[in-house]
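Report on the structure given below.
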Amino acid sequence: MKNQIYFTPGPSALYFTVREHLKSALDSNVASISHRSSFFKSFYGETVENLRTLLKLPDNFQIFFTGSATEIWERIIENCVDKESFHLVNGAFSERFYKTAVAFGKEAHKVESIAGSCPEIDNLMIAETHELIGITHNETSTGATQPLEDIYKIREAFPDQLIAVDAVSSLPYVNIDYSKVDTVYFSVQKCFGLPPGLGVWLVNDRCIEKAENRMRRGKNIGYYHSLPTLYEKGLKNQTPETPNSMGIYLLGKVVEDMLKKGIDQIRKETNSKAAILYNSLNKSDVFKPFVEEKRHQSKTVIVGKTAVSSADIIQDLKKKGMTIGGGYGEFKDLHIRIANFPTHSKEQIEMLADALEKI
Ligand SMILES: *Cc1c(COP(=O)(O)O)cnc(C)c1O
């Protein structure tokens, strides 16, 4: 269908400047040049620097590129865990990180909350032997957010463990204090509004040291995207493999646009657009916010439970030029999921909110 506005929680609507940057990428042969050329190194360096500035990333963090966030789950387990990991699970994505650890033969432990909520963090049964704690900041399958304060409290209680934060569908909206976490990751088809196929992995020196330590002890940390390899190449604005050059180029350009707009402005707009959507859900007879507790309600992925089949609602909205997401997995026909990403304008969100209220 033509002229749809995509409010799907990833892939989603492209950031509104992507079309123009795609053209400039084609004009300057980004997709054809060698990834060992000085042109590649220069836009790789720009993308990394722009991201550093946007996220206010401290110097002890590095930025690496992978194929996806799903890949990053594997790389984290492979590089940073000898035997045991611990996972806060509140939906399909956090469960998949846990399952990744199991697949790699680790003793993976988890605390689970019911869908639409987040694990309570008082009295977490985390042992000294659990080397890494996986936390999903924004569970895209349910629209539940683990508050940052929870993450910082976990850090205080367990300072020796590595903390890995899945911020796939909340960065750059979420304003993380990077001194209180060790690795954070996202993929670009969510809030950055870019074509899929690029994961971004932020890691501090503690993670890199752990991987080097594992390597010295003869443990398998993989090869092409092991942290020592990524670090060595990254220092030279290079990647181990022939990468998604186009994705890296476009990310740098979109982040530059976000810097011009200002991250504070993006955050403010995200909050006010989320309020509009939650307000519509609260007013409606057909919808209710799936996440009931306010402090767990996501600002970037708004999930409504529906009294009627969500498939019908989705069809209805499509006719009006708006594509929203259905429920995830078992909630397919019971939920609607709406992306509130930086590219979605206040006018677009208001138009959607109006349409929802009329259902
Ligand atoms: C989309 C998503 C992922 C997986 O990202 P891919 O790019 O598909 O690998 C992981 N975690 C969360 C919270 C997500 O929303």
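We label chains A, B, ... in the order they appear in the structure tokens, count residues from 1 in each chain, and number ligands from 1 in the order shown.
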Exercise. Can you list, as an MDAnalysis selection string, every residue of region 188-356 of chain A that DSSP puts in alpha helix (DSSP H)?
Worked result: chainID A and resid 205:216 227:234 245:261 263:283 310:319 346:356
Problem set entry | Contacts to ligand 1 at 8 Å cut-off (only C-alpha atoms and all ligand atoms) as an MDAnalysis selection string | chainID A and resid 9:10 67:72 93:94 136:141 166:169 186:190 196:199
For this session: Give me the residues within 7 Å of region 60-64 of chain A as a PyMOL selection string, counting only C-alpha atoms and dropping any in the same chain fewer than 3 places off.
Result: chain A and resi 48+57+200-205+230
Since we have the selection now, will you write its residues out, keeping N, CA and C atoms, as a PDB file, in the first residue's frame?
ATOM      1  N   VAL A  48      31.200   7.213  14.313  1.00  0.00           N
ATOM      2  CA  VAL A  48      31.571   6.904  15.698  1.00  0.00           C
ATOM      3  C   VAL A  48      31.609   8.190  16.536  1.00  0.00           C
ATOM      4  N   LEU A  57      29.055   9.557  25.400  1.00  0.00           N
ATOM      5  CA  LEU A  57      29.717   8.318  25.784  1.00  0.00           C
ATOM      6  C   LEU A  57      31.091   8.615  26.391  1.00  0.00           C
ATOM      7  N   VAL A 200      24.619  -1.942  16.818  1.00  0.00           N
ATOM      8  CA  VAL A 200      25.641  -1.044  17.370  1.00  0.00           C
ATOM      9  C   VAL A 200      25.912  -1.476  18.810  1.00  0.00           C
ATOM     10  N   TRP A 201      27.173  -1.736  19.083  1.00  0.00           N
ATOM     11  CA  TRP A 201      27.583  -2.342  20.350  1.00  0.00           C
ATOM     12  C   TRP A 201      28.516  -1.390  21.092  1.00  0.00           C
ATOM     13  N   LEU A 202      28.070  -0.893  22.234  1.00  0.00           N
ATOM     14  CA  LEU A 202      28.875  -0.008  23.071  1.00  0.00           C
ATOM     15  C   LEU A 202      29.472  -0.856  24.192  1.00  0.00           C
ATOM     16  N   VAL A 203      30.791  -0.850  24.332  1.00  0.00           N
ATOM     17  CA  VAL A 203      31.433  -1.684  25.367  1.00  0.00           C
ATOM     18  C   VAL A 203      32.495  -0.895  26.105  1.00  0.00           C
ATOM     19  N   ASN A 204      32.594  -1.122  27.406  1.00  0.00           N
ATOM     20  CA  ASN A 204      33.652  -0.447  28.161  1.00  0.00           C
ATOM     21  C   ASN A 204      34.881  -1.340  28.290  1.00  0.00           C
ATOM     22  N   ASP A 205      35.916  -0.784  28.915  1.00  0.00           N
ATOM     23  CA  ASP A 205      37.196  -1.500  29.022  1.00  0.00           C
ATOM     24  C   ASP A 205      37.069  -2.790  29.840  1.00  0.00           C
ATOM     25  N   LEU A 230      37.640  -6.577  17.151  1.00  0.00           N
ATOM     26  CA  LEU A 230      36.881  -5.338  16.884  1.00  0.00           C
ATOM     27  C   LEU A 230      37.659  -4.125  17.386  1.00  0.00           C
TER      28      LEU A 230
END
Contacts of region 58-174 of chain A with region 289-295 of chain A up to 9 Å, shortest pair per row, only C-alpha atoms, as a Markdown table:
| residue | atom | partner | partner_atom | distance |
| --- | --- | --- | --- | --- |
| A:Ala115 | CA | A:Val291 | CA | 8.4 |
| A:Gly116 | CA | A:Val291 | CA | 4.7 |
| A:Ser117 | CA | A:Val291 | CA | 6.3 |
| A:Thr142 | CA | A:Phe290 | CA | 7.4 |
| A:Gly143 | CA | A:Val291 | CA | 6.7 |
| A:Ala144 | CA | A:Val291 | CA | 6.2 |
| A:Thr145 | CA | A:Arg295 | CA | 7.6 |
| A:Gln146 | CA | A:Arg295 | CA | 8.2 |
| A:Pro147 | CA | A:Arg295 | CA | 6.9 |
Mind dumping the selected residues with C-alpha atoms as a PDB file, in the first residue's frame?
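Result file result_36.pdb:
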ATOM      1  CA  ALA A 115       4.199  -9.930  30.679  1.00  0.00           C
ATOM      2  CA  GLY A 116       3.519  -6.207  30.795  1.00  0.00           C
ATOM      3  CA  SER A 117       5.547  -5.716  33.945  1.00  0.00           C
ATOM      4  CA  THR A 142       5.201  -5.855  25.712  1.00  0.00           C
ATOM      5  CA  GLY A 143       6.045  -2.145  25.997  1.00  0.00           C
ATOM      6  CA  ALA A 144       7.448  -2.532  29.521  1.00  0.00           C
ATOM      7  CA  THR A 145      10.411  -0.418  30.618  1.00  0.00           C
ATOM      8  CA  GLN A 146      12.767  -1.306  33.449  1.00  0.00           C
ATOM      9  CA  PRO A 147      13.469   2.083  35.050  1.00  0.00           C
TER      10      PRO A 147
END
Problem set entry | Spatial neighbours of Asp264 (chain A), max dist 12 Å, only C-alpha atoms, sep filter under 4 positions, as number ranges by chain | A: 54-55, 172-175, 258-260, 268-271, 342
For this session: May I have the residues within 7 Å of region 272-278 of chain A as an NGL selection string, using only C-alpha atoms and disregarding those fewer than 4 positions away in the same chain?
Result: :A and (268 or 282 or 289 or 299 or 340 or 346 or 349 or 353)
Just the selected residues (C-alpha atoms), exported as a PDB file, in the first residue's frame, please.
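Result went into result_24.pdb, see below:
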ATOM      1  CA  LYS A 268      11.043  16.244  25.268  1.00  0.00           C
ATOM      2  CA  ASN A 282      -6.913   5.586  28.621  1.00  0.00           C
ATOM      3  CA  PRO A 289      -2.526   0.371  28.129  1.00  0.00           C
ATOM      4  CA  LYS A 299       7.795   6.026  26.068  1.00  0.00           C
ATOM      5  CA  ASN A 340       6.902   6.570  19.077  1.00  0.00           C
ATOM      6  CA  LYS A 346       3.680  15.355  16.775  1.00  0.00           C
ATOM      7  CA  ILE A 349       1.032  10.994  16.413  1.00  0.00           C
ATOM      8  CA  ALA A 353      -4.390   9.230  18.381  1.00  0.00           C
TER       9      ALA A 353
END
For this session: Skip His344 (chain A) itself and residues of its chain fewer than 4 positions away, then list as a PyMOL selection string all residues within 12 Å of it, counting only C-alpha atoms.
Result: chain A and resi 5-9+12-16+190-193+266+269-270+272-274+300+322+338-340+348-352
Problem set entry | Pick from A:Arg214, A:Arg52, A:Lys253, A:His130 nearest to Thr17 (chain A), counting only C-alpha atoms | A:Lys253
For this session: One decimal, Å: what's the distance from CA of Thr53 (chain A) over to CA of Val255 (chain A), could you say?
Result: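 CA of Val255 (chain A) lies 9.2 Å from CA of Thr53 (chain A).
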12 Å contact set for Ser226 (chain A), only C-alpha atoms, chain neighbours under 6 positions out, as a compact mmCIF listing (two decimals) with N, CA and C atoms, in the first residue's frame:
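around-v1.txt, written as the output of this step:
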# COMPACT_ATOMS: atom_id res chain seq x y z
N PHE A 64 31.26 -0.44 18.41
CA PHE A 64 31.53 -1.42 17.35
C PHE A 64 30.24 -1.73 16.59
N PHE A 65 30.41 -2.19 15.34
CA PHE A 65 29.25 -2.50 14.50
C PHE A 65 29.15 -4.00 14.25
N THR A 66 27.92 -4.51 14.30
CA THR A 66 27.66 -5.94 14.05
C THR A 66 26.51 -6.05 13.05
N GLU A 71 22.86 -10.64 17.03
CA GLU A 71 24.26 -11.08 17.03
C GLU A 71 24.97 -10.64 18.30
N ILE A 72 24.65 -9.43 18.77
CA ILE A 72 25.35 -8.90 19.95
C ILE A 72 25.08 -9.79 21.18
N GLU A 74 24.92 -12.98 21.18
CA GLU A 74 25.91 -14.05 21.08
C GLU A 74 27.31 -13.56 21.43
N ARG A 75 27.66 -12.40 20.89
CA ARG A 75 29.01 -11.88 21.12
C ARG A 75 29.25 -11.55 22.60
N ILE A 76 28.23 -11.06 23.28
CA ILE A 76 28.39 -10.74 24.71
C ILE A 76 28.66 -12.02 25.49
N ILE A 77 27.84 -13.05 25.23
CA ILE A 77 28.01 -14.30 25.96
C ILE A 77 29.38 -14.91 25.64
N GLU A 78 29.73 -14.92 24.37
CA GLU A 78 30.97 -15.53 23.93
C GLU A 78 32.21 -14.82 24.50
N ASN A 79 32.16 -13.51 24.54
CA ASN A 79 33.32 -12.72 24.95
C ASN A 79 33.42 -12.52 26.46
N CYS A 80 32.27 -12.44 27.13
CA CYS A 80 32.29 -11.93 28.51
C CYS A 80 31.82 -12.91 29.57
N TRP A 201 27.17 -1.74 19.08
CA TRP A 201 27.58 -2.34 20.35
C TRP A 201 28.52 -1.39 21.09
N VAL A 203 30.79 -0.85 24.33
CA VAL A 203 31.43 -1.68 25.37
C VAL A 203 32.49 -0.89 26.10
N CYS A 207 34.70 -4.97 29.74
CA CYS A 207 34.27 -6.05 28.84
C CYS A 207 35.43 -6.52 27.97
N ILE A 208 36.20 -5.56 27.47
CA ILE A 208 37.32 -5.92 26.59
C ILE A 208 38.37 -6.71 27.39
N GLU A 209 38.61 -6.28 28.62
CA GLU A 209 39.57 -7.02 29.47
C GLU A 209 39.10 -8.44 29.74
N LYS A 210 37.81 -8.57 29.98
CA LYS A 210 37.26 -9.92 30.24
C LYS A 210 37.49 -10.82 29.03
N ALA A 211 37.24 -10.27 27.83
CA ALA A 211 37.42 -11.06 26.60
C ALA A 211 38.89 -11.43 26.41
N GLU A 212 39.78 -10.48 26.68
CA GLU A 212 41.22 -10.76 26.52
C GLU A 212 41.67 -11.82 27.53
N ARG A 214 39.77 -14.15 28.82
CA ARG A 214 39.26 -15.44 28.37
C ARG A 214 40.14 -16.02 27.25
N MET A 215 40.56 -15.14 26.36
CA MET A 215 41.39 -15.59 25.24
C MET A 215 42.73 -16.15 25.75
N LYS A 219 40.07 -19.87 26.11
CA LYS A 219 38.62 -20.02 25.90
C LYS A 219 38.25 -19.53 24.50
N ASN A 220 37.15 -20.07 23.99
CA ASN A 220 36.70 -19.68 22.65
C ASN A 220 35.92 -18.37 22.72
N GLU A 232 40.99 -3.79 17.87
CA GLU A 232 42.18 -3.54 17.07
C GLU A 232 41.82 -2.85 15.75
N LYS A 233 40.77 -3.34 15.10
CA LYS A 233 40.34 -2.74 13.83
C LYS A 233 39.72 -1.37 14.05
N GLY A 234 38.91 -1.27 15.09
CA GLY A 234 38.20 -0.01 15.36
C GLY A 234 39.15 1.16 15.57
N THR A 239 36.85 -2.28 10.04
CA THR A 239 36.06 -3.41 10.54
C THR A 239 36.77 -4.69 10.10
N PRO A 240 36.57 -5.81 10.83
CA PRO A 240 37.24 -7.06 10.44
C PRO A 240 36.75 -7.57 9.09
N GLU A 241 35.45 -7.34 8.80
CA GLU A 241 34.84 -7.91 7.60
C GLU A 241 34.43 -6.80 6.64
For this session: Using only C-alpha atoms, pick whichever of A:Asp122, A:Gln161, A:Asn213, A:Gln238 has the shortest atom-to-atom distance to Ser38 (chain A).
Result: A:Gln238
Problem set entry | Residue list (strand (DSSP E), DSSP) for region 3-251 of chain A, as a PyMOL selection string | chain A and resi 5-6+61-66+84-89+107-112+132-136+138-139+144-145+162-166+183-187+199-204
